[in-house]
$ cat final35.pdb   # PDB, N, CA and C atoms, pLDDT in the B column
ATOM      1  N   MET L   1      -0.500 -15.717 -17.589  1.00 37.00           N
ATOM      2  CA  MET L   1      -1.905 -15.370 -17.661  1.00 37.00           C
ATOM      3  C   MET L   1      -2.382 -14.778 -16.341  1.00 37.00           C
ATOM      4  N   ILE L   2      -3.220 -13.760 -16.416  1.00 38.00           N
ATOM      5  CA  ILE L   2      -3.730 -13.092 -15.227  1.00 38.00           C
ATOM      6  C   ILE L   2      -4.909 -13.866 -14.661  1.00 38.00           C
ATOM      7  N   ASP L   3      -4.911 -14.058 -13.344  1.00 41.00           N
ATOM      8  CA  ASP L   3      -6.034 -14.682 -12.681  1.00 41.00           C
ATOM      9  C   ASP L   3      -6.988 -13.567 -12.249  1.00 41.00           C
ATOM     10  N   THR L   4      -7.852 -13.131 -13.165  1.00 41.00           N
ATOM     11  CA  THR L   4      -8.741 -12.007 -12.886  1.00 41.00           C
ATOM     12  C   THR L   4      -9.825 -12.361 -11.875  1.00 41.00           C
ATOM     13  N   GLU L   5     -10.020 -13.637 -11.608  1.00 44.00           N
ATOM     14  CA  GLU L   5     -11.015 -14.036 -10.629  1.00 44.00           C
ATOM     15  C   GLU L   5     -10.748 -13.403  -9.274  1.00 44.00           C
ATOM     16  N   LEU L   6      -9.471 -13.288  -8.900  1.00 43.00           N
ATOM     17  CA  LEU L   6      -9.127 -12.688  -7.616  1.00 43.00           C
ATOM     18  C   LEU L   6      -9.633 -11.252  -7.537  1.00 43.00           C
ATOM     19  N   PHE L   7      -9.479 -10.526  -8.612  1.00 47.00           N
ATOM     20  CA  PHE L   7      -9.882  -9.128  -8.629  1.00 47.00           C
ATOM     21  C   PHE L   7     -11.406  -9.013  -8.667  1.00 47.00           C
ATOM     22  N   ILE L   8     -12.037  -9.809  -9.489  1.00 40.00           N
ATOM     23  CA  ILE L   8     -13.479  -9.762  -9.633  1.00 40.00           C
ATOM     24  C   ILE L   8     -14.168 -10.132  -8.320  1.00 40.00           C
ATOM     25  N   GLU L   9     -13.574 -11.032  -7.564  1.00 48.00           N
ATOM     26  CA  GLU L   9     -14.168 -11.452  -6.299  1.00 48.00           C
ATOM     27  C   GLU L   9     -13.969 -10.415  -5.201  1.00 48.00           C
ATOM     28  N   GLY L  10     -13.404  -9.289  -5.497  1.00 55.00           N
ATOM     29  CA  GLY L  10     -13.297  -8.229  -4.513  1.00 55.00           C
ATOM     30  C   GLY L  10     -11.943  -8.088  -3.849  1.00 55.00           C
ATOM     31  N   VAL L  11     -10.960  -8.842  -4.280  1.00 53.00           N
ATOM     32  CA  VAL L  11      -9.620  -8.682  -3.735  1.00 53.00           C
ATOM     33  C   VAL L  11      -8.965  -7.562  -4.517  1.00 53.00           C
ATOM     34  N   SER L  12      -9.047  -6.365  -3.987  1.00 62.00           N
ATOM     35  CA  SER L  12      -8.510  -5.225  -4.721  1.00 62.00           C
ATOM     36  C   SER L  12      -7.319  -4.614  -3.986  1.00 62.00           C
ATOM     37  N   PRO L  13      -6.412  -4.029  -4.737  1.00 67.00           N
ATOM     38  CA  PRO L  13      -5.241  -3.398  -4.131  1.00 67.00           C
ATOM     39  C   PRO L  13      -5.614  -2.150  -3.330  1.00 67.00           C
ATOM     40  N   SER L  14      -4.740  -1.761  -2.423  1.00 77.00           N
ATOM     41  CA  SER L  14      -4.953  -0.545  -1.628  1.00 77.00           C
ATOM     42  C   SER L  14      -4.869   0.696  -2.528  1.00 77.00           C
ATOM     43  N   ARG L  15      -5.275   1.821  -1.985  1.00 82.00           N
ATOM     44  CA  ARG L  15      -5.239   3.080  -2.732  1.00 82.00           C
ATOM     45  C   ARG L  15      -3.834   3.380  -3.227  1.00 82.00           C
ATOM     46  N   ARG L  16      -2.819   3.205  -2.371  1.00 87.00           N
ATOM     47  CA  ARG L  16      -1.432   3.502  -2.756  1.00 87.00           C
ATOM     48  C   ARG L  16      -0.968   2.541  -3.839  1.00 87.00           C
ATOM     49  N   ARG L  17      -1.363   1.279  -3.735  1.00 85.00           N
ATOM     50  CA  ARG L  17      -0.981   0.306  -4.762  1.00 85.00           C
ATOM     51  C   ARG L  17      -1.632   0.648  -6.086  1.00 85.00           C
ATOM     52  N   LEU L  18      -2.870   1.104  -6.029  1.00 83.00           N
ATOM     53  CA  LEU L  18      -3.544   1.524  -7.255  1.00 83.00           C
ATOM     54  C   LEU L  18      -2.854   2.733  -7.871  1.00 83.00           C
ATOM     55  N   GLN L  19      -2.407   3.665  -7.036  1.00 88.00           N
ATOM     56  CA  GLN L  19      -1.680   4.832  -7.543  1.00 88.00           C
ATOM     57  C   GLN L  19      -0.397   4.391  -8.240  1.00 88.00           C
ATOM     58  N   CYS L  20       0.326   3.481  -7.611  1.00 90.00           N
ATOM     59  CA  CYS L  20       1.568   2.976  -8.210  1.00 90.00           C
ATOM     60  C   CYS L  20       1.270   2.302  -9.552  1.00 90.00           C
ATOM     61  N   LEU L  21       0.224   1.489  -9.594  1.00 88.00           N
ATOM     62  CA  LEU L  21      -0.138   0.801 -10.830  1.00 88.00           C
ATOM     63  C   LEU L  21      -0.573   1.774 -11.917  1.00 88.00           C
ATOM     64  N   GLU L  22      -1.302   2.797 -11.535  1.00 86.00           N
ATOM     65  CA  GLU L  22      -1.736   3.797 -12.515  1.00 86.00           C
ATOM     66  C   GLU L  22      -0.525   4.435 -13.195  1.00 86.00           C
ATOM     67  N   TRP L  23       0.475   4.822 -12.407  1.00 90.00           N
ATOM     68  CA  TRP L  23       1.680   5.429 -12.986  1.00 90.00           C
ATOM     69  C   TRP L  23       2.464   4.421 -13.821  1.00 90.00           C
ATOM     70  N   ALA L  24       2.563   3.190 -13.325  1.00 89.00           N
ATOM     71  CA  ALA L  24       3.272   2.152 -14.073  1.00 89.00           C
ATOM     72  C   ALA L  24       2.564   1.887 -15.403  1.00 89.00           C
ATOM     73  N   ALA L  25       1.233   1.934 -15.395  1.00 84.00           N
ATOM     74  CA  ALA L  25       0.466   1.715 -16.617  1.00 84.00           C
ATOM     75  C   ALA L  25       0.724   2.816 -17.640  1.00 84.00           C
ATOM     76  N   ARG L  26       1.150   3.960 -17.160  1.00 88.00           N
ATOM     77  CA  ARG L  26       1.483   5.079 -18.050  1.00 88.00           C
ATOM     78  C   ARG L  26       2.941   5.025 -18.503  1.00 88.00           C
ATOM     79  N   GLY L  27       3.603   3.923 -18.160  1.00 88.00           N
ATOM     80  CA  GLY L  27       4.968   3.723 -18.634  1.00 88.00           C
ATOM     81  C   GLY L  27       6.059   4.219 -17.708  1.00 88.00           C
ATOM     82  N   LYS L  28       5.690   4.580 -16.481  1.00 93.00           N
ATOM     83  CA  LYS L  28       6.689   5.073 -15.536  1.00 93.00           C
ATOM     84  C   LYS L  28       7.455   3.905 -14.912  1.00 93.00           C
ATOM     85  N   THR L  29       8.742   4.131 -14.672  1.00 93.00           N
ATOM     86  CA  THR L  29       9.577   3.129 -14.011  1.00 93.00           C
ATOM     87  C   THR L  29       9.320   3.171 -12.507  1.00 93.00           C
ATOM     88  N   VAL L  30       9.848   2.192 -11.801  1.00 94.00           N
ATOM     89  CA  VAL L  30       9.706   2.167 -10.339  1.00 94.00           C
ATOM     90  C   VAL L  30      10.294   3.449  -9.745  1.00 94.00           C
ATOM     91  N   GLU L  31      11.432   3.873 -10.271  1.00 97.00           N
ATOM     92  CA  GLU L  31      12.073   5.094  -9.768  1.00 97.00           C
ATOM     93  C   GLU L  31      11.179   6.312  -9.996  1.00 97.00           C
ATOM     94  N   GLU L  32      10.573   6.388 -11.168  1.00 97.00           N
ATOM     95  CA  GLU L  32       9.689   7.512 -11.477  1.00 97.00           C
ATOM     96  C   GLU L  32       8.424   7.475 -10.621  1.00 97.00           C
ATOM     97  N   VAL L  33       7.873   6.288 -10.427  1.00 95.00           N
ATOM     98  CA  VAL L  33       6.692   6.139  -9.576  1.00 95.00           C
ATOM     99  C   VAL L  33       7.014   6.627  -8.164  1.00 95.00           C
ATOM    100  N   ALA L  34       8.164   6.201  -7.657  1.00 96.00           N
ATOM    101  CA  ALA L  34       8.577   6.620  -6.311  1.00 96.00           C
ATOM    102  C   ALA L  34       8.680   8.135  -6.225  1.00 96.00           C
ATOM    103  N   ARG L  35       9.310   8.734  -7.203  1.00 97.00           N
ATOM    104  CA  ARG L  35       9.484  10.189  -7.194  1.00 97.00           C
ATOM    105  C   ARG L  35       8.133  10.905  -7.291  1.00 97.00           C
ATOM    106  N   LEU L  36       7.274  10.439  -8.179  1.00 96.00           N
ATOM    107  CA  LEU L  36       5.969  11.069  -8.364  1.00 96.00           C
ATOM    108  C   LEU L  36       5.089  10.997  -7.118  1.00 96.00           C
ATOM    109  N   LEU L  37       5.209   9.906  -6.374  1.00 95.00           N
ATOM    110  CA  LEU L  37       4.380   9.711  -5.179  1.00 95.00           C
ATOM    111  C   LEU L  37       5.107  10.087  -3.883  1.00 95.00           C
ATOM    112  N   SER L  38       6.327  10.584  -4.016  1.00 96.00           N
ATOM    113  CA  SER L  38       7.141  10.984  -2.856  1.00 96.00           C
ATOM    114  C   SER L  38       7.306   9.846  -1.856  1.00 96.00           C
ATOM    115  N   ILE L  39       7.642   8.669  -2.399  1.00 96.00           N
ATOM    116  CA  ILE L  39       7.936   7.508  -1.570  1.00 96.00           C
ATOM    117  C   ILE L  39       9.285   6.948  -2.013  1.00 96.00           C
ATOM    118  N   SER L  40       9.852   6.062  -1.210  1.00 97.00           N
ATOM    119  CA  SER L  40      11.144   5.483  -1.575  1.00 97.00           C
ATOM    120  C   SER L  40      10.964   4.459  -2.688  1.00 97.00           C
ATOM    121  N   ARG L  41      12.064   4.184  -3.397  1.00 97.00           N
ATOM    122  CA  ARG L  41      12.022   3.180  -4.452  1.00 97.00           C
ATOM    123  C   ARG L  41      11.611   1.816  -3.902  1.00 97.00           C
ATOM    124  N   PRO L  42      12.191   1.360  -2.764  1.00 97.00           N
ATOM    125  CA  PRO L  42      11.755   0.063  -2.233  1.00 97.00           C
ATOM    126  C   PRO L  42      10.266   0.032  -1.881  1.00 97.00           C
ATOM    127  N   THR L  43       9.724   1.140  -1.406  1.00 96.00           N
ATOM    128  CA  THR L  43       8.301   1.188  -1.087  1.00 96.00           C
ATOM    129  C   THR L  43       7.464   1.093  -2.358  1.00 96.00           C
ATOM    130  N   ALA L  44       7.859   1.809  -3.400  1.00 96.00           N
ATOM    131  CA  ALA L  44       7.140   1.736  -4.674  1.00 96.00           C
ATOM    132  C   ALA L  44       7.184   0.314  -5.224  1.00 96.00           C
ATOM    133  N   LYS L  45       8.359  -0.308  -5.175  1.00 95.00           N
ATOM    134  CA  LYS L  45       8.499  -1.684  -5.655  1.00 95.00           C
ATOM    135  C   LYS L  45       7.633  -2.628  -4.833  1.00 95.00           C
ATOM    136  N   TYR L  46       7.614  -2.436  -3.523  1.00 95.00           N
ATOM    137  CA  TYR L  46       6.787  -3.264  -2.644  1.00 95.00           C
ATOM    138  C   TYR L  46       5.309  -3.155  -3.040  1.00 95.00           C
ATOM    139  N   HIS L  47       4.827  -1.935  -3.216  1.00 92.00           N
ATOM    140  CA  HIS L  47       3.424  -1.737  -3.575  1.00 92.00           C
ATOM    141  C   HIS L  47       3.100  -2.380  -4.924  1.00 92.00           C
ATOM    142  N   LEU L  48       3.985  -2.237  -5.886  1.00 93.00           N
ATOM    143  CA  LEU L  48       3.760  -2.854  -7.197  1.00 93.00           C
ATOM    144  C   LEU L  48       3.787  -4.377  -7.100  1.00 93.00           C
ATOM    145  N   ASP L  49       4.722  -4.908  -6.330  1.00 93.00           N
ATOM    146  CA  ASP L  49       4.797  -6.363  -6.161  1.00 93.00           C
ATOM    147  C   ASP L  49       3.544  -6.913  -5.485  1.00 93.00           C
ATOM    148  N   ARG L  50       3.069  -6.223  -4.452  1.00 90.00           N
ATOM    149  CA  ARG L  50       1.861  -6.668  -3.747  1.00 90.00           C
ATOM    150  C   ARG L  50       0.635  -6.577  -4.650  1.00 90.00           C
ATOM    151  N   ALA L  51       0.565  -5.516  -5.448  1.00 85.00           N
ATOM    152  CA  ALA L  51      -0.555  -5.368  -6.379  1.00 85.00           C
ATOM    153  C   ALA L  51      -0.546  -6.522  -7.383  1.00 85.00           C
ATOM    154  N   LYS L  52       0.648  -6.864  -7.880  1.00 87.00           N
ATOM    155  CA  LYS L  52       0.754  -7.987  -8.822  1.00 87.00           C
ATOM    156  C   LYS L  52       0.239  -9.269  -8.169  1.00 87.00           C
ATOM    157  N   THR L  53       0.639  -9.502  -6.942  1.00 86.00           N
ATOM    158  CA  THR L  53       0.214 -10.703  -6.230  1.00 86.00           C
ATOM    159  C   THR L  53      -1.296 -10.724  -6.060  1.00 86.00           C
ATOM    160  N   LYS L  54      -1.856  -9.620  -5.610  1.00 81.00           N
ATOM    161  CA  LYS L  54      -3.308  -9.569  -5.382  1.00 81.00           C
ATOM    162  C   LYS L  54      -4.103  -9.728  -6.665  1.00 81.00           C
ATOM    163  N   LEU L  55      -3.541  -9.257  -7.764  1.00 80.00           N
ATOM    164  CA  LEU L  55      -4.234  -9.354  -9.048  1.00 80.00           C
ATOM    165  C   LEU L  55      -3.923 -10.652  -9.785  1.00 80.00           C
ATOM    166  N   GLY L  56      -3.029 -11.458  -9.237  1.00 83.00           N
ATOM    167  CA  GLY L  56      -2.673 -12.717  -9.877  1.00 83.00           C
ATOM    168  C   GLY L  56      -1.845 -12.526 -11.134  1.00 83.00           C
ATOM    169  N   ALA L  57      -1.096 -11.422 -11.194  1.00 88.00           N
ATOM    170  CA  ALA L  57      -0.295 -11.091 -12.373  1.00 88.00           C
ATOM    171  C   ALA L  57       1.173 -11.417 -12.125  1.00 88.00           C
ATOM    172  N   LYS L  58       1.869 -11.750 -13.200  1.00 90.00           N
ATOM    173  CA  LYS L  58       3.309 -12.023 -13.090  1.00 90.00           C
ATOM    174  C   LYS L  58       4.138 -10.773 -13.328  1.00 90.00           C
ATOM    175  N   THR L  59       3.598  -9.834 -14.083  1.00 91.00           N
ATOM    176  CA  THR L  59       4.340  -8.613 -14.388  1.00 91.00           C
ATOM    177  C   THR L  59       3.496  -7.385 -14.037  1.00 91.00           C
ATOM    178  N   THR L  60       4.172  -6.259 -13.923  1.00 87.00           N
ATOM    179  CA  THR L  60       3.478  -5.002 -13.650  1.00 87.00           C
ATOM    180  C   THR L  60       2.539  -4.665 -14.803  1.00 87.00           C
ATOM    181  N   LEU L  61       2.961  -4.950 -16.019  1.00 86.00           N
ATOM    182  CA  LEU L  61       2.115  -4.690 -17.177  1.00 86.00           C
ATOM    183  C   LEU L  61       0.822  -5.503 -17.102  1.00 86.00           C
ATOM    184  N   GLN L  62       0.920  -6.772 -16.766  1.00 87.00           N
ATOM    185  CA  GLN L  62      -0.274  -7.602 -16.624  1.00 87.00           C
ATOM    186  C   GLN L  62      -1.194  -7.044 -15.543  1.00 87.00           C
ATOM    187  N   ALA L  63      -0.616  -6.601 -14.436  1.00 85.00           N
ATOM    188  CA  ALA L  63      -1.420  -6.036 -13.354  1.00 85.00           C
ATOM    189  C   ALA L  63      -2.117  -4.759 -13.804  1.00 85.00           C
ATOM    190  N   ALA L  64      -1.410  -3.929 -14.542  1.00 81.00           N
ATOM    191  CA  ALA L  64      -1.996  -2.686 -15.036  1.00 81.00           C
ATOM    192  C   ALA L  64      -3.137  -2.983 -16.014  1.00 81.00           C
ATOM    193  N   ILE L  65      -2.966  -4.008 -16.853  1.00 82.00           N
ATOM    194  CA  ILE L  65      -4.021  -4.401 -17.791  1.00 82.00           C
ATOM    195  C   ILE L  65      -5.234  -4.920 -17.026  1.00 82.00           C
ATOM    196  N   ALA L  66      -4.993  -5.738 -16.009  1.00 78.00           N
ATOM    197  CA  ALA L  66      -6.093  -6.254 -15.200  1.00 78.00           C
ATOM    198  C   ALA L  66      -6.850  -5.120 -14.523  1.00 78.00           C
ATOM    199  N   LEU L  67      -6.126  -4.130 -14.070  1.00 73.00           N
ATOM    200  CA  LEU L  67      -6.743  -2.957 -13.440  1.00 73.00           C
ATOM    201  C   LEU L  67      -7.608  -2.218 -14.453  1.00 73.00           C
ATOM    202  N   ARG L  68      -7.081  -1.984 -15.620  1.00 72.00           N
ATOM    203  CA  ARG L  68      -7.823  -1.278 -16.675  1.00 72.00           C
ATOM    204  C   ARG L  68      -9.065  -2.055 -17.088  1.00 72.00           C
ATOM    205  N   GLU L  69      -8.912  -3.363 -17.264  1.00 71.00           N
ATOM    206  CA  GLU L  69     -10.055  -4.193 -17.676  1.00 71.00           C
ATOM    207  C   GLU L  69     -11.158  -4.149 -16.628  1.00 71.00           C
ATOM    208  N   ASN L  70     -10.770  -4.158 -15.362  1.00 64.00           N
ATOM    209  CA  ASN L  70     -11.765  -4.124 -14.288  1.00 64.00           C
ATOM    210  C   ASN L  70     -12.478  -2.771 -14.268  1.00 64.00           C
ATOM    211  N   LYS L  71     -11.749  -1.690 -14.508  1.00 58.00           N
ATOM    212  CA  LYS L  71     -12.366  -0.363 -14.525  1.00 58.00           C
ATOM    213  C   LYS L  71     -13.307  -0.210 -15.719  1.00 58.00           C
ATOM    214  N   ASP L  72     -12.899  -0.762 -16.866  1.00 55.00           N
ATOM    215  CA  ASP L  72     -13.682  -0.618 -18.094  1.00 55.00           C
ATOM    216  C   ASP L  72     -14.873  -1.577 -18.132  1.00 55.00           C
ATOM    217  N   GLY L  73     -14.729  -2.712 -17.445  1.00 51.00           N
ATOM    218  CA  GLY L  73     -15.778  -3.726 -17.540  1.00 51.00           C
ATOM    219  C   GLY L  73     -16.649  -3.666 -16.382  1.00 51.00           C
TER     220      GLY L  73
END

$ encode --input "final35.pdb" --output "structure tokens"
Amino acid sequence: MIDTELFIEGVSPSRRRLQCLEWAARGKTVEEVARLLSISRPTAKYHLDRAKTKLGAKTTLQAAIALRENKDG
């Protein structure tokens, strides 16, 4: 379960982490995200992992959903 309280209280991911999450939400793999953003695979994975932590999500999909819900709500 996503702990959306963290996000609602203003703990938001950095711009680069949001970019990584946006691509992941569109179904891109870590490798594809890295290529699209011209960053290394470990850097893309790091940004996605940190975004998951900040959003209280266990998976990238949960983090992407939390991001979408926050934008829509």

$ residues_around --input "final35.pdb" --residues "range 29-34 of chain L" --least-positions-apart "5" --cutoff "8 Å" --atoms "all atoms listed in the file" --output "NGL selection string"
:L and (19-21 or 23-24 or 39-45)

$ closest_residue --input "final35.pdb" --among "L:Leu67, L:Leu55, L:Leu61, L:Leu18" --to "Leu37 in chain L" --atoms "only C-alpha atoms"
L:Leu18

$ atom_distance --input "final35.pdb" --atom1 "CA of Ala25 in chain L" --atom2 "CA of Ala64 in chain L"
5.3 Å

$ atom_distance --input "final35.pdb" --atom1 "atom N of Ala51 in chain L" --atom2 "atom N of Arg17 in chain L"
7.3 Å

$ atom_distance --input "final35.pdb" --atom1 "atom N of Leu48 in chain L" --atom2 "atom C of Arg16 in chain L"
7.2 Å

$ axis_aligned_box --input "final35.pdb" --around "range 13-18 of chain L" --padding-each-side "4 Å" --output "lines of an AutoDock Vina configuration file"
center_x = -3.7
center_y = -0.3
center_z = -4.7
size_x = 13.4
size_y = 15.5
size_z = 14.2
